[in-house]
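First comes the structure, then the notes that go with it.
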Amino acid sequence: MRRMRTKSNARRARTTAAAAVGVLALTTLTAGCKVEPVGATEPTTLPAKAPSRPTPAPSPTADAAGPGGGSASPSATPSRTPSVRPSPRPSTLMSMGDRSKRVRELQARLRQIGHFGRGPTGYYGTTTFASVQSFQGKRGLERTGRTDTVTWERLLAMTREPTAEELDPPDAAPAAAKPDARCMTGRVLCISKNSRSLSWMIDGKVVSSMDVRFGSQYTPTREGTFSVYWKSRHHVSTLYDSPMPYAMFFSGGQAVHYSSDFAARGYDGASHGCVNVRDEGKIASLYAQVQDGDKVVIYQ
């Protein structure tokens, strides 16, 4: 009786266990999980992951240096076309209005090759300007009239260093001119525009002579026969506020007088109508001899 009860209990236990295993299997299948046997190894294939957003490529301007600190590749920086700068213009060494020893050398060198027909004065006036233009034109340079570095170097290459006599030649005697008939009697300041000379004459004989210059086309020196009416040793022009030493007036405000501008610039300048003398020693001697009332004859 007891054995039968024991068997019955064992059968009931097995039935219960079988039912429990069935419930567990059903639960696992409905949950979607794969049951792995105990002691099974890790799967060799990982489950697929959901696709992720693609990582954007680095910007071309980003630092592309490698681990060794190298510089970025040339393609990372856009190339630039180098700008072309124009050649600088040659600098000016001498120009209109300059007065110096170098200007005197310029004139002497130009004279050596036939571009300056006068003695050097050291003043850069209209004649020097035109001479430089002539030289530049012959050499295919820009005709500016200014002496720039290119013009000066070209001139140096074509000429030699001027001698002391070439730089400061002795004053040439004024060209001989046949005196006007009005100069042949009495005490006369005989002034020729053609020869640019003044001759101090007494009774038809030349006592002394000197070179002179006259007024410009806008302020011409009057021509004719006049007489000295006033002398002023230290005169200063009230109209132009300029000094007129050894002035000997002959017609209105026009006079024969010494001109420091004439001494410095030569024939590059002009007066306001007066007769300029550039040799101070000669006009000082003349001033001492001329008297009020002496005749003045100015002619071509």
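Numbering starts fresh at 1 for the residues of each chain in the structure tokens, the chains themselves are lettered A, B, ... in the order given, and ligands are numbered from 1 as they appear.
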> Which residues come within 7 Å of region 196-212 of chain A, counting only C-alpha atoms, excluding same-chain residues fewer than 3 positions away, as a PyMOL selection string?
Replying inline: chain A and resi 174+183-193+275-278
> Near Tyr229 (chain A), counting only C-alpha atoms, which residues have an atom at most 10 Å away, once you skip same-chain residues fewer than 5 positions from it, shown as a ChimeraX atom specification?
Replying inline: /A:248-252,255,291-295
> Leaving out region 268-271 of chain A and any residue of its chain fewer than 2 positions from it, which residues lie within 8 Å of it when counting only C-alpha atoms, given as a PyMOL selection string?
Replying inline: chain A and resi 125-127+213-216+219+261-262+265-266+273-276
> If you measure from CA of Ser232 (chain A) to CA of Tyr246 (chain A), what distance in Å do you get, rounded to one decimal?
Replying inline: 6.1 Å
>> Based on the backbone DSSP call, show me all residues of region 131-272 of chain A assigned strand (DSSP E or B), as JSON, numbers by chain.
In response: {"A": [147, 148, 187, 188, 189, 190, 191, 192, 197, 198, 199, 200, 201, 202, 205, 206, 207, 208, 209, 210, 211, 212, 213, 215, 224, 225, 226, 227, 230, 231, 232, 233, 234, 235, 236, 243, 244, 245, 246, 247, 248, 249, 250, 251, 254, 255, 256, 257, 258, 271]}
